Amino acid sequence: MRQLRRLAADFRALHGRVTDVSYTPGTDALHRIGPLLLGAQALTATALTRLKALDNSPYTSIAGSRASLQLMASVVSSSALASTDLAHVLLANPYAGRDFAGYPAASPAIERTRHAEAIPQMTGHLADAAHQLDLCATACLYLASGITDDYTTASEPKAPTTAAAKTQAVPAAQGGRR
């Protein structure tokens, strides 16, 4: 549970970095968004490791564990989607390279237009990435709490139900008739 809470904190921290990032389209954006993408990919790898650990643990024998495994798989998926969104920011980024030989060089007005058109796309992808990271953090906290509750419920002694008490009483009564 501690590892899931730490993972939630890491998702929250990256969420904060994504929502607070400022950049200028072009090389600056690459230098500022690239590390965010690498961070999201690292968190996806960590989430996948946590899913594998959970799947290989004794927890899978507890009632309700399948839903927790599915929730952890959704964290992996959402984290991967955040990485994809950040990669799309880099794809929408207008780079300052030169065109093929024979094409005229882009004028400053064309460059400004390319940047102006890219900014809303880049901003949208950043917002989508932040949303996915927020979902990941929330799911990790929910999962840590749910697993703790599942273990607590599973370890509580259970009183026999009325049906179970009747089943135990029938053989005893039949045994006395012999």
# chains A, B, ... in the order shown; residues from 1 in each chain; ligands from 1

call {"tool": "residues_around", "arguments": {"residues": "A:Thr19", "least_positions_apart": "3", "cutoff": "8 Å", "atoms": "only C-alpha atoms", "output": "count of residues only"}}
result
5

call {"tool": "residues_around", "arguments": {"residues": "A:Ala139", "least_positions_apart": "3", "cutoff": "8 Å", "atoms": "only C-alpha atoms", "output": "ChimeraX atom specification"}}
result
/A:8,71-72,75,135-136,142-143

call {"tool": "write_last_selection", "arguments": {"atoms": "all heavy atoms", "output": "mmCIF file, in the first residue's frame"}}
result
data_model
loop_
_atom_site.group_PDB
_atom_site.id
_atom_site.type_symbol
_atom_site.label_atom_id
_atom_site.label_comp_id
_atom_site.auth_asym_id
_atom_site.auth_seq_id
_atom_site.Cartn_x
_atom_site.Cartn_y
_atom_site.Cartn_z
ATOM 1 N N ALA A 8 1.123 7.251 -6.337
ATOM 2 C CA ALA A 8 0.121 8.327 -6.455
ATOM 3 C C ALA A 8 0.789 9.689 -6.290
ATOM 4 O O ALA A 8 0.506 10.624 -7.058
ATOM 5 C CB ALA A 8 -0.986 8.145 -5.418
ATOM 6 N N LEU A 71 -8.303 -2.238 -11.904
ATOM 7 C CA LEU A 71 -8.034 -0.832 -11.621
ATOM 8 C C LEU A 71 -6.551 -0.524 -11.814
ATOM 9 O O LEU A 71 -6.200 0.506 -12.397
ATOM 10 C CB LEU A 71 -8.488 -0.464 -10.208
ATOM 11 C CG LEU A 71 -8.299 0.994 -9.791
ATOM 12 C CD1 LEU A 71 -9.012 1.938 -10.759
ATOM 13 C CD2 LEU A 71 -8.800 1.203 -8.364
ATOM 14 N N MET A 72 -5.686 -1.432 -11.365
ATOM 15 C CA MET A 72 -4.251 -1.208 -11.561
ATOM 16 C C MET A 72 -3.907 -1.248 -13.041
ATOM 17 O O MET A 72 -3.069 -0.464 -13.505
ATOM 18 C CB MET A 72 -3.446 -2.258 -10.775
ATOM 19 C CG MET A 72 -1.980 -1.926 -10.670
ATOM 20 S SD MET A 72 -1.684 -0.431 -9.704
ATOM 21 C CE MET A 72 -0.386 0.323 -10.656
ATOM 22 N N VAL A 75 -4.581 2.035 -14.466
ATOM 23 C CA VAL A 75 -3.521 3.000 -14.161
ATOM 24 C C VAL A 75 -2.419 2.884 -15.208
ATOM 25 O O VAL A 75 -1.924 3.901 -15.719
ATOM 26 C CB VAL A 75 -2.954 2.785 -12.733
ATOM 27 C CG1 VAL A 75 -1.700 3.617 -12.506
ATOM 28 C CG2 VAL A 75 -4.008 3.115 -11.684
ATOM 29 N N LEU A 135 -6.040 11.085 -13.102
ATOM 30 C CA LEU A 135 -6.763 9.812 -12.952
ATOM 31 C C LEU A 135 -5.863 8.742 -12.329
ATOM 32 O O LEU A 135 -6.305 7.983 -11.462
ATOM 33 C CB LEU A 135 -7.269 9.326 -14.310
ATOM 34 C CG LEU A 135 -8.413 10.094 -14.943
ATOM 35 C CD1 LEU A 135 -8.707 9.550 -16.344
ATOM 36 C CD2 LEU A 135 -9.656 10.028 -14.077
ATOM 37 N N CYS A 136 -4.614 8.691 -12.765
ATOM 38 C CA CYS A 136 -3.673 7.706 -12.230
ATOM 39 C C CYS A 136 -3.462 7.899 -10.734
ATOM 40 O O CYS A 136 -3.484 6.924 -9.967
ATOM 41 C CB CYS A 136 -2.330 7.816 -12.954
ATOM 42 S SG CYS A 136 -2.355 7.268 -14.666
ATOM 43 N N TYR A 142 -7.095 5.201 -4.368
ATOM 44 C CA TYR A 142 -8.294 4.390 -4.194
ATOM 45 C C TYR A 142 -7.906 2.917 -4.051
ATOM 46 O O TYR A 142 -8.428 2.205 -3.194
ATOM 47 C CB TYR A 142 -9.225 4.598 -5.396
ATOM 48 C CG TYR A 142 -10.526 3.857 -5.294
ATOM 49 C CD1 TYR A 142 -11.562 4.338 -4.509
ATOM 50 C CD2 TYR A 142 -10.716 2.672 -5.989
ATOM 51 C CE1 TYR A 142 -12.758 3.653 -4.408
ATOM 52 C CE2 TYR A 142 -11.903 1.981 -5.900
ATOM 53 C CZ TYR A 142 -12.921 2.468 -5.102
ATOM 54 O OH TYR A 142 -14.102 1.781 -5.004
ATOM 55 N N LEU A 143 -6.980 2.484 -4.866
ATOM 56 C CA LEU A 143 -6.535 1.099 -4.843
ATOM 57 C C LEU A 143 -5.852 0.761 -3.521
ATOM 58 O O LEU A 143 -6.125 -0.292 -2.926
ATOM 59 C CB LEU A 143 -5.578 0.864 -6.014
ATOM 60 C CG LEU A 143 -5.121 -0.551 -6.281
ATOM 61 C CD1 LEU A 143 -6.306 -1.475 -6.538
ATOM 62 C CD2 LEU A 143 -4.191 -0.560 -7.481
#

call {"tool": "residues_around", "arguments": {"residues": "A:Gln41", "least_positions_apart": "3", "cutoff": "6 Å", "atoms": "only C-alpha atoms", "output": "PyMOL selection string"}}
result
chain A and resi 38+44+83

call {"tool": "write_last_selection", "arguments": {"atoms": "N, CA, C and O atoms", "output": "compact mmCIF listing (two decimals), in the first residue's frame"}}
result
# COMPACT_ATOMS: atom_id res chain seq x y z
N LEU A 38 9.50 11.55 -20.69
CA LEU A 38 10.33 10.50 -20.08
C LEU A 38 9.84 10.16 -18.67
O LEU A 38 9.84 8.99 -18.28
N THR A 44 4.82 4.82 -16.09
CA THR A 44 4.10 3.71 -16.72
C THR A 44 4.83 2.41 -16.41
O THR A 44 4.19 1.40 -16.07
N SER A 83 1.59 9.51 -21.59
CA SER A 83 2.82 9.53 -22.38
C SER A 83 2.52 9.84 -23.84
O SER A 83 3.23 10.63 -24.47

call {"tool": "atom_distance", "arguments": {"atom1": "atom CA of A:Ser74", "atom2": "atom CA of A:Gly124"}}
result
21.9 Å

call {"tool": "residues_around", "arguments": {"residues": "stretch 23-37 of chain A", "least_positions_apart": "5", "cutoff": "9 Å", "atoms": "only C-alpha atoms", "output": "ChimeraX atom specification"}}
result
/A:14,17-18,42,82-87,89-90,93-96,115-116,118-119,122

call {"tool": "write_last_selection", "arguments": {"atoms": "N, CA, C and O atoms", "output": "PDB file, in the first residue's frame"}}
result
ATOM      1  N   LEU A  14       4.128  14.770 -11.181  1.00  0.00           N
ATOM      2  CA  LEU A  14       4.255  14.947 -12.626  1.00  0.00           C
ATOM      3  C   LEU A  14       3.069  15.747 -13.160  1.00  0.00           C
ATOM      4  O   LEU A  14       3.242  16.598 -14.038  1.00  0.00           O
ATOM      5  N   ARG A  17       3.904  19.289 -12.664  1.00  0.00           N
ATOM      6  CA  ARG A  17       4.904  19.755 -13.631  1.00  0.00           C
ATOM      7  C   ARG A  17       4.275  19.974 -15.008  1.00  0.00           C
ATOM      8  O   ARG A  17       4.618  20.934 -15.703  1.00  0.00           O
ATOM      9  N   VAL A  18       3.366  19.085 -15.400  1.00  0.00           N
ATOM     10  CA  VAL A  18       2.711  19.218 -16.711  1.00  0.00           C
ATOM     11  C   VAL A  18       1.817  20.453 -16.739  1.00  0.00           C
ATOM     12  O   VAL A  18       1.825  21.210 -17.710  1.00  0.00           O
ATOM     13  N   ALA A  42       8.457   6.530 -17.387  1.00  0.00           N
ATOM     14  CA  ALA A  42       9.006   5.867 -16.198  1.00  0.00           C
ATOM     15  C   ALA A  42       7.887   5.482 -15.231  1.00  0.00           C
ATOM     16  O   ALA A  42       7.912   4.391 -14.648  1.00  0.00           O
ATOM     17  N   ALA A  82      -1.111   9.208 -21.047  1.00  0.00           N
ATOM     18  CA  ALA A  82      -0.455  10.482 -20.714  1.00  0.00           C
ATOM     19  C   ALA A  82       0.848  10.611 -21.492  1.00  0.00           C
ATOM     20  O   ALA A  82       1.162  11.691 -22.017  1.00  0.00           O
ATOM     21  N   SER A  83       1.587   9.513 -21.587  1.00  0.00           N
ATOM     22  CA  SER A  83       2.824   9.530 -22.376  1.00  0.00           C
ATOM     23  C   SER A  83       2.519   9.837 -23.837  1.00  0.00           C
ATOM     24  O   SER A  83       3.228  10.634 -24.474  1.00  0.00           O
ATOM     25  N   THR A  84       1.475   9.225 -24.366  1.00  0.00           N
ATOM     26  CA  THR A  84       1.088   9.479 -25.757  1.00  0.00           C
ATOM     27  C   THR A  84       0.695  10.929 -25.952  1.00  0.00           C
ATOM     28  O   THR A  84       1.082  11.559 -26.949  1.00  0.00           O
ATOM     29  N   ASP A  85      -0.048  11.478 -25.014  1.00  0.00           N
ATOM     30  CA  ASP A  85      -0.439  12.894 -25.115  1.00  0.00           C
ATOM     31  C   ASP A  85       0.789  13.798 -25.119  1.00  0.00           C
ATOM     32  O   ASP A  85       0.853  14.762 -25.887  1.00  0.00           O
ATOM     33  N   LEU A  86       1.759  13.484 -24.275  1.00  0.00           N
ATOM     34  CA  LEU A  86       2.981  14.292 -24.244  1.00  0.00           C
ATOM     35  C   LEU A  86       3.778  14.135 -25.545  1.00  0.00           C
ATOM     36  O   LEU A  86       4.363  15.097 -26.042  1.00  0.00           O
ATOM     37  N   ALA A  87       3.770  12.940 -26.106  1.00  0.00           N
ATOM     38  CA  ALA A  87       4.431  12.741 -27.400  1.00  0.00           C
ATOM     39  C   ALA A  87       3.718  13.538 -28.491  1.00  0.00           C
ATOM     40  O   ALA A  87       4.356  14.080 -29.397  1.00  0.00           O
ATOM     41  N   VAL A  89       2.289  16.377 -28.019  1.00  0.00           N
ATOM     42  CA  VAL A  89       2.729  17.765 -27.863  1.00  0.00           C
ATOM     43  C   VAL A  89       3.973  17.979 -28.719  1.00  0.00           C
ATOM     44  O   VAL A  89       4.085  18.969 -29.449  1.00  0.00           O
ATOM     45  N   LEU A  90       4.890  17.032 -28.634  1.00  0.00           N
ATOM     46  CA  LEU A  90       6.132  17.150 -29.411  1.00  0.00           C
ATOM     47  C   LEU A  90       5.860  17.039 -30.908  1.00  0.00           C
ATOM     48  O   LEU A  90       6.527  17.687 -31.713  1.00  0.00           O
ATOM     49  N   ASN A  93       4.555  20.334 -32.136  1.00  0.00           N
ATOM     50  CA  ASN A  93       5.548  21.396 -31.981  1.00  0.00           C
ATOM     51  C   ASN A  93       6.139  21.786 -33.345  1.00  0.00           C
ATOM     52  O   ASN A  93       6.603  20.923 -34.084  1.00  0.00           O
ATOM     53  N   PRO A  94       6.145  23.068 -33.684  1.00  0.00           N
ATOM     54  CA  PRO A  94       6.749  23.496 -34.955  1.00  0.00           C
ATOM     55  C   PRO A  94       8.269  23.662 -34.811  1.00  0.00           C
ATOM     56  O   PRO A  94       8.734  24.569 -34.136  1.00  0.00           O
ATOM     57  N   TYR A  95       8.987  22.769 -35.396  1.00  0.00           N
ATOM     58  CA  TYR A  95      10.447  22.816 -35.308  1.00  0.00           C
ATOM     59  C   TYR A  95      10.999  23.806 -36.321  1.00  0.00           C
ATOM     60  O   TYR A  95      10.354  24.133 -37.310  1.00  0.00           O
ATOM     61  N   ALA A  96      12.224  24.271 -36.094  1.00  0.00           N
ATOM     62  CA  ALA A  96      12.798  25.353 -36.890  1.00  0.00           C
ATOM     63  C   ALA A  96      13.784  24.855 -37.939  1.00  0.00           C
ATOM     64  O   ALA A  96      14.647  25.590 -38.372  1.00  0.00           O
ATOM     65  N   HIS A 115       3.593  28.821 -35.391  1.00  0.00           N
ATOM     66  CA  HIS A 115       3.602  28.796 -33.920  1.00  0.00           C
ATOM     67  C   HIS A 115       2.197  29.051 -33.375  1.00  0.00           C
ATOM     68  O   HIS A 115       1.764  28.370 -32.441  1.00  0.00           O
ATOM     69  N   ALA A 116       1.506  30.013 -33.931  1.00  0.00           N
ATOM     70  CA  ALA A 116       0.156  30.354 -33.463  1.00  0.00           C
ATOM     71  C   ALA A 116      -0.803  29.178 -33.658  1.00  0.00           C
ATOM     72  O   ALA A 116      -1.680  28.944 -32.816  1.00  0.00           O
ATOM     73  N   ALA A 118       0.112  25.987 -33.724  1.00  0.00           N
ATOM     74  CA  ALA A 118       0.562  24.863 -32.908  1.00  0.00           C
ATOM     75  C   ALA A 118       0.181  25.009 -31.440  1.00  0.00           C
ATOM     76  O   ALA A 118      -0.107  24.011 -30.777  1.00  0.00           O
ATOM     77  N   ILE A 119       0.156  26.221 -30.948  1.00  0.00           N
ATOM     78  CA  ILE A 119      -0.056  26.435 -29.510  1.00  0.00           C
ATOM     79  C   ILE A 119      -1.361  25.818 -29.005  1.00  0.00           C
ATOM     80  O   ILE A 119      -1.348  25.109 -27.991  1.00  0.00           O
ATOM     81  N   MET A 122      -0.919  22.005 -28.899  1.00  0.00           N
ATOM     82  CA  MET A 122       0.003  21.610 -27.839  1.00  0.00           C
ATOM     83  C   MET A 122      -0.648  21.759 -26.468  1.00  0.00           C
ATOM     84  O   MET A 122      -0.527  20.871 -25.613  1.00  0.00           O
TER      85      MET A 122
END

call {"tool": "closest_residue", "arguments": {"among": "A:Ser68, A:Ser61, A:Thr49, A:Ser22", "to": "A:Cys140", "atoms": "only C-alpha atoms"}}
result
A:Ser68

call {"tool": "select_by_dssp", "arguments": {"residues": "chain A", "states": "helix (DSSP H, G or I)", "output": "number ranges by chain"}}
result
A: 2-20, 27-55, 58-61, 65-92, 108-155, 162-176

call {"tool": "atom_distance", "arguments": {"atom1": "atom CA of A:Phe11", "atom2": "atom CA of A:His125"}}
result
17.0 Å

call {"tool": "residues_around", "arguments": {"residues": "A:Arg12", "least_positions_apart": "6", "cutoff": "8 Å", "atoms": "only C-alpha atoms", "output": "ChimeraX atom specification"}}
result
/A:133-134,137

call {"tool": "atom_distance", "arguments": {"atom1": "atom CA of A:Ala13", "atom2": "atom CA of A:His131"}}
result
13.0 Å

call {"tool": "residues_around", "arguments": {"residues": "A:Ala53", "least_positions_apart": "4", "cutoff": "12 Å", "atoms": "only C-alpha atoms", "output": "number ranges by chain"}}
result
A: 1, 3-4, 46-49, 57-60, 69, 72-73

call {"tool": "closest_residue", "arguments": {"among": "A:Ser65, A:Asn56, A:Ala129, A:Leu7", "to": "A:Thr148", "atoms": "only C-alpha atoms"}}
result
A:Ser65

call {"tool": "decode", "arguments": {"residues": "stretch 27-54 of chain A", "atoms": "N, CA, C and O atoms", "output": "mmCIF file, in the first residue's frame"}}
result
data_model
loop_
_atom_site.group_PDB
_atom_site.id
_atom_site.type_symbol
_atom_site.label_atom_id
_atom_site.label_comp_id
_atom_site.auth_asym_id
_atom_site.auth_seq_id
_atom_site.Cartn_x
_atom_site.Cartn_y
_atom_site.Cartn_z
ATOM 1 N N THR A 27 12.381 24.650 -30.294
ATOM 2 C CA THR A 27 13.398 23.932 -29.524
ATOM 3 C C THR A 27 13.137 24.013 -28.018
ATOM 4 O O THR A 27 13.317 23.036 -27.298
ATOM 5 N N ASP A 28 12.691 25.154 -27.558
ATOM 6 C CA ASP A 28 12.398 25.311 -26.132
ATOM 7 C C ASP A 28 11.342 24.299 -25.685
ATOM 8 O O ASP A 28 11.477 23.681 -24.627
ATOM 9 N N ALA A 29 10.304 24.116 -26.475
ATOM 10 C CA ALA A 29 9.255 23.147 -26.133
ATOM 11 C C ALA A 29 9.824 21.740 -26.048
ATOM 12 O O ALA A 29 9.495 20.972 -25.136
ATOM 13 N N LEU A 30 10.675 21.378 -26.993
ATOM 14 C CA LEU A 30 11.297 20.060 -26.971
ATOM 15 C C LEU A 30 12.079 19.857 -25.680
ATOM 16 O O LEU A 30 11.968 18.809 -25.028
ATOM 17 N N HIS A 31 12.840 20.853 -25.264
ATOM 18 C CA HIS A 31 13.656 20.745 -24.055
ATOM 19 C C HIS A 31 12.820 20.715 -22.779
ATOM 20 O O HIS A 31 13.243 20.130 -21.782
ATOM 21 N N ARG A 32 11.656 21.311 -22.802
ATOM 22 C CA ARG A 32 10.813 21.342 -21.599
ATOM 23 C C ARG A 32 9.810 20.191 -21.539
ATOM 24 O O ARG A 32 9.482 19.714 -20.453
ATOM 25 N N ILE A 33 9.312 19.749 -22.679
ATOM 26 C CA ILE A 33 8.300 18.686 -22.706
ATOM 27 C C ILE A 33 8.959 17.305 -22.718
ATOM 28 O O ILE A 33 8.428 16.354 -22.144
ATOM 29 N N GLY A 34 10.119 17.196 -23.360
ATOM 30 C CA GLY A 34 10.817 15.909 -23.431
ATOM 31 C C GLY A 34 10.996 15.244 -22.072
ATOM 32 O O GLY A 34 10.658 14.062 -21.914
ATOM 33 N N PRO A 35 11.500 15.948 -21.064
ATOM 34 C CA PRO A 35 11.645 15.323 -19.743
ATOM 35 C C PRO A 35 10.303 14.896 -19.126
ATOM 36 O O PRO A 35 10.243 13.908 -18.390
ATOM 37 N N LEU A 36 9.247 15.617 -19.423
ATOM 38 C CA LEU A 36 7.925 15.226 -18.913
ATOM 39 C C LEU A 36 7.495 13.901 -19.535
ATOM 40 O O LEU A 36 6.935 13.032 -18.852
ATOM 41 N N LEU A 37 7.750 13.753 -20.827
ATOM 42 C CA LEU A 37 7.435 12.499 -21.513
ATOM 43 C C LEU A 37 8.231 11.348 -20.911
ATOM 44 O O LEU A 37 7.675 10.284 -20.621
ATOM 45 N N LEU A 38 9.504 11.552 -20.686
ATOM 46 C CA LEU A 38 10.327 10.504 -20.079
ATOM 47 C C LEU A 38 9.837 10.158 -18.671
ATOM 48 O O LEU A 38 9.835 8.992 -18.275
ATOM 49 N N GLY A 39 9.400 11.168 -17.927
ATOM 50 C CA GLY A 39 8.852 10.920 -16.594
ATOM 51 C C GLY A 39 7.576 10.103 -16.648
ATOM 52 O O GLY A 39 7.377 9.190 -15.840
ATOM 53 N N ALA A 40 6.706 10.416 -17.593
ATOM 54 C CA ALA A 40 5.462 9.653 -17.736
ATOM 55 C C ALA A 40 5.753 8.216 -18.135
ATOM 56 O O ALA A 40 5.106 7.275 -17.648
ATOM 57 N N GLN A 41 6.740 8.018 -19.001
ATOM 58 C CA GLN A 41 7.103 6.661 -19.396
ATOM 59 C C GLN A 41 7.672 5.878 -18.214
ATOM 60 O O GLN A 41 7.369 4.691 -18.049
ATOM 61 N N ALA A 42 8.457 6.530 -17.387
ATOM 62 C CA ALA A 42 9.006 5.867 -16.198
ATOM 63 C C ALA A 42 7.887 5.482 -15.231
ATOM 64 O O ALA A 42 7.912 4.391 -14.648
ATOM 65 N N LEU A 43 6.894 6.355 -15.084
ATOM 66 C CA LEU A 43 5.765 6.028 -14.203
ATOM 67 C C LEU A 43 4.930 4.895 -14.778
ATOM 68 O O LEU A 43 4.398 4.066 -14.032
ATOM 69 N N THR A 44 4.815 4.824 -16.094
ATOM 70 C CA THR A 44 4.101 3.709 -16.719
ATOM 71 C C THR A 44 4.829 2.406 -16.412
ATOM 72 O O THR A 44 4.191 1.398 -16.067
ATOM 73 N N ALA A 45 6.145 2.415 -16.518
ATOM 74 C CA ALA A 45 6.923 1.215 -16.201
ATOM 75 C C ALA A 45 6.745 0.816 -14.735
ATOM 76 O O ALA A 45 6.586 -0.373 -14.422
ATOM 77 N N THR A 46 6.737 1.785 -13.847
ATOM 78 C CA THR A 46 6.539 1.501 -12.425
ATOM 79 C C THR A 46 5.139 0.946 -12.177
ATOM 80 O O THR A 46 4.970 -0.014 -11.415
ATOM 81 N N ALA A 47 4.143 1.532 -12.817
ATOM 82 C CA ALA A 47 2.767 1.039 -12.649
ATOM 83 C C ALA A 47 2.646 -0.397 -13.156
ATOM 84 O O ALA A 47 1.971 -1.227 -12.536
ATOM 85 N N LEU A 48 3.303 -0.707 -14.261
ATOM 86 C CA LEU A 48 3.278 -2.075 -14.780
ATOM 87 C C LEU A 48 3.955 -3.034 -13.803
ATOM 88 O O LEU A 48 3.466 -4.147 -13.567
ATOM 89 N N THR A 49 5.037 -2.597 -13.197
ATOM 90 C CA THR A 49 5.717 -3.410 -12.183
ATOM 91 C C THR A 49 4.802 -3.665 -10.995
ATOM 92 O O THR A 49 4.740 -4.781 -10.472
ATOM 93 N N ARG A 50 4.068 -2.637 -10.565
ATOM 94 C CA ARG A 50 3.128 -2.799 -9.439
ATOM 95 C C ARG A 50 1.993 -3.758 -9.819
ATOM 96 O O ARG A 50 1.550 -4.558 -8.993
ATOM 97 N N LEU A 51 1.514 -3.683 -11.059
ATOM 98 C CA LEU A 51 0.464 -4.599 -11.513
ATOM 99 C C LEU A 51 0.973 -6.038 -11.473
ATOM 100 O O LEU A 51 0.272 -6.937 -10.989
ATOM 101 N N LYS A 52 2.180 -6.274 -11.954
ATOM 102 C CA LYS A 52 2.758 -7.618 -11.932
ATOM 103 C C LYS A 52 2.907 -8.128 -10.505
ATOM 104 O O LYS A 52 2.604 -9.286 -10.210
ATOM 105 N N ALA A 53 3.378 -7.267 -9.619
ATOM 106 C CA ALA A 53 3.550 -7.663 -8.218
ATOM 107 C C ALA A 53 2.215 -8.008 -7.576
ATOM 108 O O ALA A 53 2.094 -9.010 -6.862
ATOM 109 N N LEU A 54 1.217 -7.210 -7.849
ATOM 110 C CA LEU A 54 -0.117 -7.464 -7.297
ATOM 111 C C LEU A 54 -0.679 -8.769 -7.850
ATOM 112 O O LEU A 54 -1.251 -9.569 -7.116
#
